[in-house]
Structure formats: structure tokens, C-alpha cells
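**Student:** Below is the file my_file_38.pdb, which contains PDB, C-alpha atoms, pLDDT in the B column.
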MODEL        1
ATOM      1  CA  MET E 678       0.000   0.000   0.000  1.00 39.00           C
ATOM      2  CA  LYS E 679       1.328   3.401  -0.980  1.00 42.00           C
ATOM      3  CA  LEU E 680       1.154   5.930   1.804  1.00 45.00           C
ATOM      4  CA  ARG E 681       2.091   9.553   1.508  1.00 49.00           C
ATOM      5  CA  ARG E 682       4.424  10.786   4.233  1.00 47.00           C
ATOM      6  CA  ASP E 683       1.769  13.025   5.763  1.00 61.00           C
ATOM      7  CA  VAL E 684      -0.718  10.174   5.743  1.00 65.00           C
ATOM      8  CA  PHE E 685       1.774   8.029   7.548  1.00 62.00           C
ATOM      9  CA  GLN E 686       2.281  10.701  10.182  1.00 69.00           C
ATOM     10  CA  ALA E 687      -1.456  10.821  10.572  1.00 73.00           C
ATOM     11  CA  ILE E 688      -1.746   7.100  11.232  1.00 71.00           C
ATOM     12  CA  ALA E 689       1.336   6.932  13.470  1.00 73.00           C
ATOM     13  CA  ASP E 690      -0.863   7.835  16.426  1.00 82.00           C
ATOM     14  CA  PRO E 691      -2.977   5.023  17.935  1.00 82.00           C
ATOM     15  CA  THR E 692      -5.900   7.351  18.773  1.00 89.00           C
ATOM     16  CA  ARG E 693      -6.041   8.523  15.171  1.00 88.00           C
ATOM     17  CA  ARG E 694      -5.961   4.956  13.929  1.00 83.00           C
ATOM     18  CA  THR E 695      -8.876   4.115  16.210  1.00 85.00           C
ATOM     19  CA  ILE E 696     -10.780   7.119  14.813  1.00 90.00           C
ATOM     20  CA  ILE E 697     -10.149   5.856  11.244  1.00 85.00           C
ATOM     21  CA  THR E 698     -11.449   2.415  12.189  1.00 81.00           C
ATOM     22  CA  LEU E 699     -14.551   3.934  13.809  1.00 85.00           C
ATOM     23  CA  VAL E 700     -15.523   6.121  10.868  1.00 87.00           C
ATOM     24  CA  ALA E 701     -14.704   3.383   8.377  1.00 80.00           C
ATOM     25  CA  ALA E 702     -17.671   1.460   9.782  1.00 74.00           C
ATOM     26  CA  SER E 703     -20.012   4.463   9.580  1.00 80.00           C
ATOM     27  CA  ALA E 704     -19.872   8.261   9.349  1.00 88.00           C
ATOM     28  CA  MET E 705     -19.904   9.930  12.781  1.00 93.00           C
ATOM     29  CA  THR E 706     -20.228  13.331  14.404  1.00 94.00           C
ATOM     30  CA  PRO E 707     -17.235  14.572  16.492  1.00 94.00           C
ATOM     31  CA  THR E 708     -19.381  14.115  19.627  1.00 93.00           C
ATOM     32  CA  VAL E 709     -20.021  10.442  18.885  1.00 92.00           C
ATOM     33  CA  ILE E 710     -16.340   9.900  18.007  1.00 94.00           C
ATOM     34  CA  ALA E 711     -15.274  11.561  21.297  1.00 94.00           C
ATOM     35  CA  GLU E 712     -17.630   9.287  23.289  1.00 92.00           C
ATOM     36  CA  ASN E 713     -15.357   6.380  22.354  1.00 90.00           C
ATOM     37  CA  PHE E 714     -12.410   7.922  24.204  1.00 92.00           C
ATOM     38  CA  ASP E 715     -11.529   9.129  27.676  1.00 91.00           C
ATOM     39  CA  TYR E 716      -9.800  12.209  26.245  1.00 91.00           C
ATOM     40  CA  SER E 717     -11.278  15.687  26.161  1.00 92.00           C
ATOM     41  CA  ARG E 718     -13.378  16.757  23.242  1.00 92.00           C
ATOM     42  CA  GLN E 719     -10.600  19.277  22.330  1.00 93.00           C
ATOM     43  CA  THR E 720      -7.986  16.521  22.083  1.00 94.00           C
ATOM     44  CA  ILE E 721     -10.219  14.458  19.806  1.00 94.00           C
ATOM     45  CA  SER E 722     -11.010  17.536  17.683  1.00 94.00           C
ATOM     46  CA  LYS E 723      -7.284  18.069  17.173  1.00 93.00           C
ATOM     47  CA  HIS E 724      -6.854  14.464  15.993  1.00 93.00           C
ATOM     48  CA  ILE E 725      -9.834  14.810  13.653  1.00 93.00           C
ATOM     49  CA  GLN E 726      -8.329  18.014  12.279  1.00 91.00           C
ATOM     50  CA  ILE E 727      -5.024  16.281  11.458  1.00 88.00           C
ATOM     51  CA  LEU E 728      -6.837  13.397   9.756  1.00 88.00           C
ATOM     52  CA  THR E 729      -8.916  15.870   7.744  1.00 88.00           C
ATOM     53  CA  GLU E 730      -5.864  17.931   6.743  1.00 85.00           C
ATOM     54  CA  CYS E 731      -4.162  14.926   5.204  1.00 79.00           C
ATOM     55  CA  GLU E 732      -7.434  14.003   3.474  1.00 80.00           C
ATOM     56  CA  LEU E 733      -8.020  10.700   5.199  1.00 83.00           C
ATOM     57  CA  LEU E 734     -11.304  11.974   6.607  1.00 88.00           C
ATOM     58  CA  GLU E 735     -13.792  14.259   4.996  1.00 89.00           C
ATOM     59  CA  GLN E 736     -16.668  16.266   6.349  1.00 90.00           C
ATOM     60  CA  GLU E 737     -20.242  15.887   5.369  1.00 89.00           C
ATOM     61  CA  GLN E 738     -22.896  18.351   6.506  1.00 91.00           C
ATOM     62  CA  LYS E 739     -26.201  16.699   7.440  1.00 89.00           C
ATOM     63  CA  GLY E 740     -28.640  19.271   8.773  1.00 91.00           C
ATOM     64  CA  ARG E 741     -26.915  21.028  11.654  1.00 91.00           C
ATOM     65  CA  GLU E 742     -24.446  18.236  12.281  1.00 92.00           C
ATOM     66  CA  ILE E 743     -21.065  17.623  10.684  1.00 94.00           C
ATOM     67  CA  TYR E 744     -20.255  13.974  10.042  1.00 94.00           C
ATOM     68  CA  TYR E 745     -16.785  12.604   9.405  1.00 94.00           C
ATOM     69  CA  ARG E 746     -16.122   9.611   7.215  1.00 89.00           C
ATOM     70  CA  LEU E 747     -13.268   7.999   5.299  1.00 84.00           C
ATOM     71  CA  ASN E 748     -12.599  10.125   2.244  1.00 79.00           C
ATOM     72  CA  PRO E 749     -14.327   8.537  -0.764  1.00 62.00           C
ATOM     73  CA  ASN E 750     -11.960  10.387  -3.127  1.00 60.00           C
ATOM     74  CA  GLU E 751      -9.342   7.988  -1.902  1.00 53.00           C
ATOM     75  CA  MET E 752     -11.643   5.376  -3.397  1.00 43.00           C
ATOM     76  CA  LYS E 753     -10.454   6.521  -6.820  1.00 45.00           C
ATOM     77  CA  GLN E 754      -7.310   4.628  -5.987  1.00 50.00           C
ATOM     78  CA  ILE E 755      -9.595   1.644  -5.931  1.00 49.00           C
ATOM     79  CA  ALA E 756      -6.778  -0.872  -6.354  1.00 57.00           C
ATOM     80  CA  ASP E 757      -5.257   0.317  -3.069  1.00 63.00           C
ATOM     81  CA  PHE E 758      -8.593  -0.203  -1.378  1.00 69.00           C
ATOM     82  CA  ILE E 759      -9.127  -3.611  -2.883  1.00 79.00           C
ATOM     83  CA  GLU E 760      -5.735  -5.062  -1.995  1.00 79.00           C
ATOM     84  CA  PRO E 761      -6.475  -5.503   1.750  1.00 81.00           C
ATOM     85  CA  PHE E 762      -9.850  -7.049   0.821  1.00 86.00           C
ATOM     86  CA  ARG E 763      -8.125  -9.419  -1.631  1.00 88.00           C
ATOM     87  CA  LYS E 764      -5.532 -10.301   0.997  1.00 86.00           C
ATOM     88  CA  MET E 765      -8.294 -11.069   3.512  1.00 88.00           C
ATOM     89  CA  TRP E 766      -9.947 -13.500   1.080  1.00 93.00           C
ATOM     90  CA  ASP E 767      -6.599 -14.979   0.051  1.00 93.00           C
ATOM     91  CA  ASP E 768      -5.826 -15.764   3.717  1.00 92.00           C
ATOM     92  CA  ARG E 769      -9.299 -17.242   4.217  1.00 93.00           C
ATOM     93  CA  PHE E 770      -9.032 -19.438   1.125  1.00 96.00           C
ATOM     94  CA  ASN E 771      -5.527 -20.565   2.113  1.00 95.00           C
ATOM     95  CA  SER E 772      -7.063 -21.666   5.367  1.00 95.00           C
ATOM     96  CA  LEU E 773      -9.887 -23.480   3.515  1.00 96.00           C
ATOM     97  CA  GLU E 774      -7.295 -25.251   1.369  1.00 96.00           C
ATOM     98  CA  ALA E 775      -5.265 -26.308   4.417  1.00 96.00           C
ATOM     99  CA  VAL E 776      -8.342 -27.594   6.298  1.00 96.00           C
ATOM    100  CA  MET E 777      -9.610 -29.618   3.323  1.00 96.00           C
ATOM    101  CA  LYS E 778      -6.139 -31.005   2.447  1.00 95.00           C
ATOM    102  CA  LYS E 779      -5.876 -32.280   6.011  1.00 95.00           C
ATOM    103  CA  HIS E 780      -9.343 -33.838   5.721  1.00 94.00           C
ATOM    104  CA  GLN E 781      -8.357 -35.362   2.344  1.00 90.00           C
ATOM    105  CA  SER E 782      -5.214 -37.021   3.694  1.00 89.00           C
ATOM    106  CA  ASN E 783      -7.082 -38.274   6.791  1.00 85.00           C
ATOM    107  CA  SER E 784      -9.753 -39.964   4.708  1.00 76.00           C
ATOM    108  CA  ILE E 785      -7.397 -41.832   2.354  1.00 66.00           C
TER     109      ILE E 785
ATOM    110  CA  MET D 328       2.827 -14.236 -11.491  1.00 48.00           C
ATOM    111  CA  GLU D 329      -0.875 -15.029 -11.546  1.00 65.00           C
ATOM    112  CA  GLN D 330      -2.340 -14.674  -8.059  1.00 80.00           C
ATOM    113  CA  LYS D 331      -4.435 -17.530  -6.703  1.00 89.00           C
ATOM    114  CA  THR D 332      -7.103 -15.136  -5.431  1.00 92.00           C
ATOM    115  CA  ASN D 333      -8.349 -12.295  -7.629  1.00 90.00           C
ATOM    116  CA  ILE D 334     -10.880  -9.532  -7.057  1.00 89.00           C
ATOM    117  CA  ASN D 335     -12.601  -7.766  -9.891  1.00 88.00           C
ATOM    118  CA  ALA D 336     -14.427  -4.607  -8.758  1.00 85.00           C
ATOM    119  CA  LEU D 337     -15.100  -2.175 -11.567  1.00 81.00           C
ATOM    120  CA  GLU D 338     -15.698   1.482 -10.731  1.00 75.00           C
ATOM    121  CA  GLY D 339     -19.295   2.578 -10.873  1.00 79.00           C
ATOM    122  CA  LYS D 340     -20.646  -0.940 -10.308  1.00 87.00           C
ATOM    123  CA  GLN D 341     -22.473  -2.339  -7.271  1.00 93.00           C
ATOM    124  CA  GLU D 342     -20.967  -5.789  -7.622  1.00 94.00           C
ATOM    125  CA  LEU D 343     -17.632  -7.527  -7.406  1.00 93.00           C
ATOM    126  CA  THR D 344     -16.256 -10.909  -8.346  1.00 94.00           C
ATOM    127  CA  ILE D 345     -13.834 -13.025  -6.338  1.00 95.00           C
ATOM    128  CA  THR D 346     -12.062 -15.914  -8.070  1.00 95.00           C
ATOM    129  CA  ARG D 347      -9.809 -18.529  -6.545  1.00 95.00           C
ATOM    130  CA  ILE D 348      -7.974 -21.573  -7.864  1.00 95.00           C
ATOM    131  CA  PHE D 349      -7.739 -24.396  -5.306  1.00 96.00           C
ATOM    132  CA  ASN D 350      -5.411 -27.361  -5.397  1.00 95.00           C
ATOM    133  CA  LEU D 351      -8.361 -29.493  -4.324  1.00 96.00           C
ATOM    134  CA  PRO D 352     -11.016 -31.600  -6.051  1.00 96.00           C
ATOM    135  CA  VAL D 353     -14.183 -29.548  -6.604  1.00 97.00           C
ATOM    136  CA  GLU D 354     -16.129 -31.871  -4.241  1.00 97.00           C
ATOM    137  CA  LEU D 355     -13.934 -30.825  -1.328  1.00 96.00           C
ATOM    138  CA  VAL D 356     -14.331 -27.110  -2.006  1.00 97.00           C
ATOM    139  CA  TYR D 357     -18.112 -27.569  -2.101  1.00 97.00           C
ATOM    140  CA  LYS D 358     -17.887 -29.584   1.112  1.00 96.00           C
ATOM    141  CA  ALA D 359     -15.951 -26.732   2.770  1.00 96.00           C
ATOM    142  CA  TYR D 360     -18.972 -24.502   2.100  1.00 97.00           C
ATOM    143  CA  THR D 361     -21.732 -26.912   3.085  1.00 97.00           C
ATOM    144  CA  GLU D 362     -20.555 -28.770   6.198  1.00 96.00           C
ATOM    145  CA  SER D 363     -20.611 -26.904   9.513  1.00 96.00           C
ATOM    146  CA  GLU D 364     -17.530 -28.672  10.823  1.00 95.00           C
ATOM    147  CA  PHE D 365     -15.396 -27.349   7.949  1.00 96.00           C
ATOM    148  CA  ILE D 366     -16.939 -23.859   7.810  1.00 95.00           C
ATOM    149  CA  ALA D 367     -16.162 -23.491  11.522  1.00 94.00           C
ATOM    150  CA  GLN D 368     -12.533 -24.443  10.899  1.00 94.00           C
ATOM    151  CA  TRP D 369     -11.637 -22.325   7.886  1.00 94.00           C
ATOM    152  CA  MET D 370     -13.780 -19.300   8.668  1.00 92.00           C
ATOM    153  CA  GLY D 371     -13.013 -19.396  12.386  1.00 90.00           C
ATOM    154  CA  THR D 372     -16.686 -18.989  13.172  1.00 92.00           C
ATOM    155  CA  LYS D 373     -19.354 -20.807  15.138  1.00 94.00           C
ATOM    156  CA  VAL D 374     -22.070 -22.243  12.880  1.00 96.00           C
ATOM    157  CA  LEU D 375     -25.340 -21.755  14.781  1.00 97.00           C
ATOM    158  CA  LYS D 376     -27.531 -22.935  11.943  1.00 97.00           C
ATOM    159  CA  LEU D 377     -26.986 -24.294   8.432  1.00 97.00           C
ATOM    160  CA  GLU D 378     -29.825 -25.716   6.371  1.00 97.00           C
ATOM    161  CA  ASN D 379     -28.409 -26.988   3.104  1.00 94.00           C
ATOM    162  CA  ARG D 380     -31.571 -27.002   1.061  1.00 95.00           C
ATOM    163  CA  ASN D 381     -33.447 -24.703  -1.276  1.00 96.00           C
ATOM    164  CA  HIS D 382     -34.932 -21.874   0.842  1.00 96.00           C
ATOM    165  CA  GLY D 383     -32.922 -22.946   3.875  1.00 97.00           C
ATOM    166  CA  SER D 384     -31.076 -20.470   6.082  1.00 97.00           C
ATOM    167  CA  TYR D 385     -27.858 -20.119   8.022  1.00 97.00           C
ATOM    168  CA  GLU D 386     -26.368 -18.217  10.955  1.00 97.00           C
ATOM    169  CA  PHE D 387     -22.743 -17.690  11.944  1.00 95.00           C
ATOM    170  CA  GLU D 388     -21.330 -16.129  15.077  1.00 94.00           C
ATOM    171  CA  THR D 389     -17.677 -15.130  15.462  1.00 89.00           C
ATOM    172  CA  SER D 390     -16.140 -14.547  18.881  1.00 87.00           C
ATOM    173  CA  HIS D 391     -12.774 -13.292  20.005  1.00 81.00           C
ATOM    174  CA  GLU D 392     -11.609 -13.884  23.568  1.00 82.00           C
ATOM    175  CA  GLY D 393     -15.128 -14.728  24.683  1.00 82.00           C
ATOM    176  CA  ASN D 394     -16.772 -11.650  23.125  1.00 83.00           C
ATOM    177  CA  VAL D 395     -19.068 -11.935  20.118  1.00 85.00           C
ATOM    178  CA  MET D 396     -17.348  -9.888  17.381  1.00 82.00           C
ATOM    179  CA  PHE D 397     -19.901 -10.275  14.639  1.00 84.00           C
ATOM    180  CA  LYS D 398     -22.926 -12.238  13.587  1.00 93.00           C
ATOM    181  CA  ALA D 399     -23.815 -13.094  10.028  1.00 94.00           C
ATOM    182  CA  ASN D 400     -26.835 -14.743   8.482  1.00 97.00           C
ATOM    183  CA  GLY D 401     -28.465 -15.434   5.164  1.00 97.00           C
ATOM    184  CA  THR D 402     -30.893 -17.499   3.139  1.00 98.00           C
ATOM    185  CA  ILE D 403     -29.848 -20.248   0.784  1.00 97.00           C
ATOM    186  CA  HIS D 404     -31.867 -19.748  -2.353  1.00 97.00           C
ATOM    187  CA  SER D 405     -30.722 -22.878  -4.142  1.00 96.00           C
ATOM    188  CA  LEU D 406     -27.915 -25.418  -4.294  1.00 97.00           C
ATOM    189  CA  ILE D 407     -26.623 -27.740  -6.997  1.00 97.00           C
ATOM    190  CA  PRO D 408     -24.089 -30.126  -5.368  1.00 97.00           C
ATOM    191  CA  ASN D 409     -20.514 -29.462  -6.525  1.00 97.00           C
ATOM    192  CA  GLN D 410     -21.673 -26.759  -8.929  1.00 98.00           C
ATOM    193  CA  GLU D 411     -23.548 -23.845  -7.489  1.00 98.00           C
ATOM    194  CA  ILE D 412     -24.840 -22.090  -4.351  1.00 98.00           C
ATOM    195  CA  ILE D 413     -27.063 -19.017  -4.583  1.00 98.00           C
ATOM    196  CA  ARG D 414     -27.537 -17.301  -1.240  1.00 98.00           C
ATOM    197  CA  THR D 415     -27.834 -13.995   0.575  1.00 98.00           C
ATOM    198  CA  PHE D 416     -25.334 -12.832   3.193  1.00 96.00           C
ATOM    199  CA  GLU D 417     -25.667 -10.155   5.831  1.00 95.00           C
ATOM    200  CA  MET D 418     -23.346  -9.029   8.609  1.00 91.00           C
ATOM    201  CA  GLU D 419     -25.558  -7.831  11.439  1.00 91.00           C
ATOM    202  CA  ASN D 420     -25.314  -4.182  12.592  1.00 85.00           C
ATOM    203  CA  MET D 421     -23.050  -3.186   9.714  1.00 83.00           C
ATOM    204  CA  PRO D 422     -23.689  -0.549   7.038  1.00 83.00           C
ATOM    205  CA  ILE D 423     -22.905  -3.037   4.246  1.00 89.00           C
ATOM    206  CA  GLY D 424     -26.444  -4.363   4.003  1.00 91.00           C
ATOM    207  CA  VAL D 425     -27.669  -7.601   2.487  1.00 96.00           C
ATOM    208  CA  GLN D 426     -25.673  -8.987  -0.404  1.00 96.00           C
ATOM    209  CA  LEU D 427     -26.632 -11.558  -3.012  1.00 98.00           C
ATOM    210  CA  GLU D 428     -23.973 -14.175  -3.714  1.00 97.00           C
ATOM    211  CA  PHE D 429     -23.599 -16.555  -6.642  1.00 98.00           C
ATOM    212  CA  LEU D 430     -20.990 -19.203  -5.868  1.00 98.00           C
ATOM    213  CA  ASN D 431     -19.856 -21.204  -8.837  1.00 98.00           C
ATOM    214  CA  PHE D 432     -17.761 -24.357  -8.343  1.00 98.00           C
ATOM    215  CA  GLU D 433     -15.839 -25.632 -11.368  1.00 98.00           C
ATOM    216  CA  LYS D 434     -13.669 -28.676 -11.866  1.00 97.00           C
ATOM    217  CA  VAL D 435     -10.370 -27.810 -13.578  1.00 96.00           C
ATOM    218  CA  THR D 436      -8.648 -31.197 -13.191  1.00 96.00           C
ATOM    219  CA  GLU D 437      -9.097 -34.099 -10.728  1.00 95.00           C
ATOM    220  CA  ASN D 438      -7.217 -32.163  -8.075  1.00 95.00           C
ATOM    221  CA  LYS D 439      -7.745 -28.593  -9.126  1.00 96.00           C
ATOM    222  CA  SER D 440     -10.839 -26.460  -9.049  1.00 96.00           C
ATOM    223  CA  LYS D 441     -12.013 -22.908  -9.501  1.00 96.00           C
ATOM    224  CA  LEU D 442     -14.403 -20.995  -7.266  1.00 97.00           C
ATOM    225  CA  THR D 443     -16.067 -17.846  -8.615  1.00 97.00           C
ATOM    226  CA  ILE D 444     -18.130 -15.730  -6.214  1.00 96.00           C
ATOM    227  CA  GLN D 445     -20.161 -12.940  -7.709  1.00 97.00           C
ATOM    228  CA  ILE D 446     -21.443 -10.574  -5.004  1.00 96.00           C
ATOM    229  CA  ILE D 447     -24.128  -7.977  -5.668  1.00 97.00           C
ATOM    230  CA  TYR D 448     -24.592  -5.132  -3.161  1.00 96.00           C
ATOM    231  CA  LYS D 449     -27.546  -2.801  -2.692  1.00 95.00           C
ATOM    232  CA  SER D 450     -25.536   0.066  -4.208  1.00 92.00           C
ATOM    233  CA  GLU D 451     -22.002   1.101  -5.116  1.00 87.00           C
ATOM    234  CA  LYS D 452     -21.873   2.851  -1.737  1.00 86.00           C
ATOM    235  CA  HIS D 453     -22.654  -0.392   0.092  1.00 89.00           C
ATOM    236  CA  ARG D 454     -19.872  -2.093  -1.848  1.00 89.00           C
ATOM    237  CA  ALA D 455     -17.496   0.712  -0.796  1.00 84.00           C
ATOM    238  CA  GLU D 456     -18.467   0.161   2.865  1.00 84.00           C
ATOM    239  CA  GLN D 457     -17.399  -3.463   2.501  1.00 86.00           C
ATOM    240  CA  LEU D 458     -14.063  -2.576   0.895  1.00 84.00           C
ATOM    241  CA  LYS D 459     -13.316   0.119   3.487  1.00 80.00           C
ATOM    242  CA  LEU D 460     -13.240  -2.291   6.435  1.00 78.00           C
ATOM    243  CA  PRO D 461     -10.179  -4.328   5.434  1.00 79.00           C
ATOM    244  CA  PHE D 462      -8.604  -1.073   4.202  1.00 71.00           C
ATOM    245  CA  ALA D 463      -8.872   0.505   7.658  1.00 72.00           C
ATOM    246  CA  TYR D 464      -7.605  -2.704   9.184  1.00 69.00           C
ATOM    247  CA  GLY D 465      -4.785  -2.668   6.621  1.00 64.00           C
ATOM    248  CA  LEU D 466      -3.747   0.828   7.734  1.00 66.00           C
ATOM    249  CA  ASN D 467      -3.296  -0.518  11.244  1.00 65.00           C
ATOM    250  CA  MET D 468      -1.318  -3.481   9.965  1.00 65.00           C
ATOM    251  CA  ALA D 469       0.885  -1.261   7.749  1.00 62.00           C
ATOM    252  CA  HIS D 470       1.664   0.920  10.720  1.00 61.00           C
ATOM    253  CA  ASP D 471       2.420  -2.005  13.050  1.00 67.00           C
ATOM    254  CA  LYS D 472       4.734  -3.466  10.432  1.00 63.00           C
ATOM    255  CA  LEU D 473       6.650  -0.213  10.028  1.00 60.00           C
ATOM    256  CA  GLN D 474       6.840   0.197  13.768  1.00 62.00           C
ATOM    257  CA  GLU D 475       8.324  -3.283  13.947  1.00 66.00           C
ATOM    258  CA  LEU D 476      10.932  -2.410  11.284  1.00 62.00           C
ATOM    259  CA  LEU D 477      11.865   0.789  13.107  1.00 61.00           C
ATOM    260  CA  THR D 478      12.317  -0.869  16.478  1.00 63.00           C
ATOM    261  CA  ASN D 479      14.317  -3.829  15.191  1.00 57.00           C
TER     262      ASN D 479
ENDMDL
END
Show me the file's structure as C-alpha cells.

**Tutor:**
Amino acid sequence: MKLRRDVFQAIADPTRRTIITLVAASAMTPTVIAENFDYSRQTISKHIQILTECELLEQEQKGREIYYRLNPNEMKQIADFIEPFRKMWDDRFNSLEAVMKKHQSNSI
Amino acid sequence: MEQKTNINALEGKQELTITRIFNLPVELVYKAYTESEFIAQWMGTKVLKLENRNHGSYEFETSHEGNVMFKANGTIHSLIPNQEIIRTFEMENMPIGVQLEFLNFEKVTENKSKLTIQIIYKSEKHRAEQLKLPFAYGLNMAHDKLQELLTN
């Protein structure tokens, strides 16, 4: 996976990585994101700001609320997005192959 | 080199196709999808229910360290032994929604087979939600790996 230097700096922090994982599942308001941490709202806002600046997160206005989500523009690099998904299936299928090979040799 | 597992997800589409070549007879690949004992082993999940018949249903539950991580369920529309499974799949409480899956099992040689899974999502956005999850997980992995390199 290609990562720009600024993106790497953004994900070097464990709190920011947790935020990415949270908003990957569904778009969230800063309040909801902050509820997942023991830190102050200000601290979380700062992390969100860094993630937004390096374009990992983007804002979406829904009524009076601002939601953050993983930037869909990054989806243009669709191959980069697909590779982890492919790897996940490859691992799963390798496991299937190993389980069934074992079963095959046991039943001969 | 040709990869054993391939994903084909065209932009602007609400579907994707997964293909895999197995060094196994087609009967065993089909068996891996239709017998609870094997599903539990290769998917690392608990099979709560699996009715292998037309209009049957299934339920999986995956735990990690005693906590239920996710639950999945679906309906088996139809099965043709060693050839085809048509079913729905849904991960509970996830924004991915219900997906329709066409699993096609093909014999290549006596000990080689090909599995093609065509998955259709509710929309392109739902497909993106699915692809985002391993991506986010991948970011964590990429970081951990780099961290490891830097400390060693």
C-alpha cells in the first residue's frame, strides 16, 4: 500500500488509527467519536483536524451536524482499497485449502 | 505471477467478483462450504444454523476472547451439489447491508478447481463500505509493520 508521508504521520498515532477504524464502519459526528475515548473533546477535535488535513477523513454536513467519514476520493485509488480485501480472502481461502487437504489425507 | 485469489471490482458498479484456484477436487471445495464442521474451521466462526436445502437459512457467530465480534446470516436460495450455491449474506449491525452471492464451483482437473463468487450489493456505496473495512484494518497493519521495522 502506498502511503504519503503526511498520511503516515497521521496514522502513526494510535488514537487517530482508532478514529479511522470507527468512521470506516459508519460516518460519525465529532461528539459520537469523542464518546469512544476518555480524552477531552478538544484533544479528539485536534486528531480529527489532522486526519482531515491529510485528506483521510472528509466532512459531510447533514442538517446542523457535521459527520466525518473515510474520504471517498481515496476510493479513486480503488486498487489500493481492494488489496487488503483481496488479501483477507486470500488468507481465508488458504485456510480453507489447508483444512480440506488435512481432511483429504485423513480420509485416504 | 498469476495470483491464486483475484478480485474484480469495476468502478461505478455495485458488484464484485472473487475468483480462486484451489489445489483441491471440486467436491472438497463444495464440502468446505456446506458442512458446519469445515466452515467453523476455515472461517473461524461458530455455525449456529446451516440448512443446506433450497430456501434454507444459516447463521454464523464469530467470537474473540469470549466476546461476540460479529454475527452473520443469510438465506440459501438454491444449491446444486458441486456446482452452485445461490444465497444472501448479511453481517448484522453493519452498514454493508444484504448482499446476493452466486458461488460457482468448477472442476479444472481431478485435483484442481475454480471458485467464482459474484457478489451484488444494494448500491455502489454499500460495496465501498465493505471494501473500506479491510482497508482501515490494513492501515493498522501497515503501521504495526513499520513500527516493527523501526524498532528492530

**Student:** Could you state the separation of atom CA of Thr436 of chain D and atom CA of Ile412 of chain D in Å, given to one decimal place?

**Tutor:**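 So the answer is 20.6 Å.
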
**Student:** Go through D:Tyr360, D:Tyr385, D:Phe429, D:Phe397 and flag the residue nearest chain E, using all atoms listed in the file for the distances.

**Tutor:**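 Of D:Tyr360, D:Tyr385, D:Phe429, D:Phe397, the one nearest chain E, counting all atoms listed in the file, is D:Tyr360.
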
**Student:** For Arg380 of chain D, list every protein, DNA or RNA residue within 10 Å, evaluated using all atoms listed in the file, and leave out those in the same chain fewer than 2 positions away; present the list as an MDAnalysis selection string.

**Tutor:** chainID D and resid 377:378 382:384 402:407 412

**Student:** Smallest atom-to-atom distance to Ser450 of chain D: which of D:Val435, D:Lys340, D:Gln330, D:Gln368, using only C-alpha atoms?

**Tutor:** D:Lys340

**Student:** Nearest to Gly371 of chain D: which of D:Lys449, D:His391, D:Arg454, D:Lys459 is it, counting all atoms listed in the file?

**Tutor:** D:His391

**Student:** State, in Å with one decimal place, the distance from atom CA of Ala702 of chain E to atom CA of Met421 of chain D.

**Tutor:**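 About the pair atom CA of Ala702 of chain E and atom CA of Met421 of chain D: they are 7.1 Å apart.
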
**Student:** Apply the PyMOL selection byres ((chain E and resi 701) around 10) to the displayed file and report the matching residues as a PyMOL selection string.

**Tutor:** (chain E and resi 695-700+702-705+734+745-748) or (chain D and resi 422+455-464)

**Student:** With C-alpha atoms retained, could you export that selection as an mmCIF file, in the frame of the given file?

**Tutor:**
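To be explicit, this is the file written out as again04.cif:
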data_model
loop_
_atom_site.group_PDB
_atom_site.id
_atom_site.type_symbol
_atom_site.label_atom_id
_atom_site.label_comp_id
_atom_site.auth_asym_id
_atom_site.auth_seq_id
_atom_site.Cartn_x
_atom_site.Cartn_y
_atom_site.Cartn_z
ATOM 1 C CA THR E 695 -8.876 4.115 16.210
ATOM 2 C CA ILE E 696 -10.780 7.119 14.813
ATOM 3 C CA ILE E 697 -10.149 5.856 11.244
ATOM 4 C CA THR E 698 -11.449 2.415 12.189
ATOM 5 C CA LEU E 699 -14.551 3.934 13.809
ATOM 6 C CA VAL E 700 -15.523 6.121 10.868
ATOM 7 C CA ALA E 702 -17.671 1.460 9.782
ATOM 8 C CA SER E 703 -20.012 4.463 9.580
ATOM 9 C CA ALA E 704 -19.872 8.261 9.349
ATOM 10 C CA MET E 705 -19.904 9.930 12.781
ATOM 11 C CA LEU E 734 -11.304 11.974 6.607
ATOM 12 C CA TYR E 745 -16.785 12.604 9.405
ATOM 13 C CA ARG E 746 -16.122 9.611 7.215
ATOM 14 C CA LEU E 747 -13.268 7.999 5.299
ATOM 15 C CA ASN E 748 -12.599 10.125 2.244
ATOM 16 C CA PRO D 422 -23.689 -0.549 7.038
ATOM 17 C CA ALA D 455 -17.496 0.712 -0.796
ATOM 18 C CA GLU D 456 -18.467 0.161 2.865
ATOM 19 C CA GLN D 457 -17.399 -3.463 2.501
ATOM 20 C CA LEU D 458 -14.063 -2.576 0.895
ATOM 21 C CA LYS D 459 -13.316 0.119 3.487
ATOM 22 C CA LEU D 460 -13.240 -2.291 6.435
ATOM 23 C CA PRO D 461 -10.179 -4.328 5.434
ATOM 24 C CA PHE D 462 -8.604 -1.073 4.202
ATOM 25 C CA ALA D 463 -8.872 0.505 7.658
ATOM 26 C CA TYR D 464 -7.605 -2.704 9.184
#

**Student:** Tell me, in Å to one decimal, how far atom CA of Ser363 of chain D is from atom CA of Lys376 of chain D.

**Tutor:**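 So the answer is 8.3 Å.
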
**Student:** Counting all atoms listed in the file, what are the residues of segment 353-400 of chain D within 8 Å of segment 768-776 of chain E, and for each of them which pair of atoms is the nearest and at what distance in Å, to one decimal? Sort the table by chain and rising number, as JSON lines.

**Tutor:**
{"residue": "D:Val356", "atom": "CA", "partner": "E:Leu773", "partner_atom": "CA", "distance": 8.0}
{"residue": "D:Ala359", "atom": "CA", "partner": "E:Leu773", "partner_atom": "CA", "distance": 6.9}
{"residue": "D:Phe365", "atom": "CA", "partner": "E:Val776", "partner_atom": "CA", "distance": 7.2}
{"residue": "D:Gln368", "atom": "CA", "partner": "E:Val776", "partner_atom": "CA", "distance": 7.0}
{"residue": "D:Trp369", "atom": "CA", "partner": "E:Leu773", "partner_atom": "CA", "distance": 4.8}
{"residue": "D:Met370", "atom": "CA", "partner": "E:Arg769", "partner_atom": "CA", "distance": 6.6}

**Student:** Would you export the selected residues with C-alpha atoms as a PDB file, in the frame of the given file, please?

**Tutor:**
ATOM      1  CA  VAL D 356     -14.331 -27.110  -2.006  1.00 97.00           C
ATOM      2  CA  ALA D 359     -15.951 -26.732   2.770  1.00 96.00           C
ATOM      3  CA  PHE D 365     -15.396 -27.349   7.949  1.00 96.00           C
ATOM      4  CA  GLN D 368     -12.533 -24.443  10.899  1.00 94.00           C
ATOM      5  CA  TRP D 369     -11.637 -22.325   7.886  1.00 94.00           C
ATOM      6  CA  MET D 370     -13.780 -19.300   8.668  1.00 92.00           C
TER       7      MET D 370
END

**Student:** Once the PyMOL selection byres ((chain D and resi 349) around 10) is applied to the coordinates I shared, what remains selected? I want it as JSON, numbers by chain.

**Tutor:** {"E": [770, 771, 773, 774], "D": [331, 332, 346, 347, 348, 350, 351, 352, 353, 355, 356, 434, 435, 438, 439, 440, 441, 442]}

**Student:** For this structure, which residues satisfy the selection - the PyMOL selection byres ((chain E and resi 742) around 12) - when it is evaluated on the file as given? I want them as a list in words.

**Tutor:**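 Evaluating the PyMOL selection byres ((chain E and resi 742) around 12) on these coordinates yields Ala704, Met705, Thr706, Pro707, Thr708, Val709, Gln736, Glu737, Gln738, Lys739, Gly740, Arg741, Ile743, Tyr744 and Tyr745 of chain E.
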
**Student:** I'd like to know which of D:Gln410, D:Gln426, D:Asn335, D:Gln445 is closest to chain E, using only C-alpha atoms.

**Tutor:**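 That would be D:Asn335, the residue with the smallest distance to chain E.
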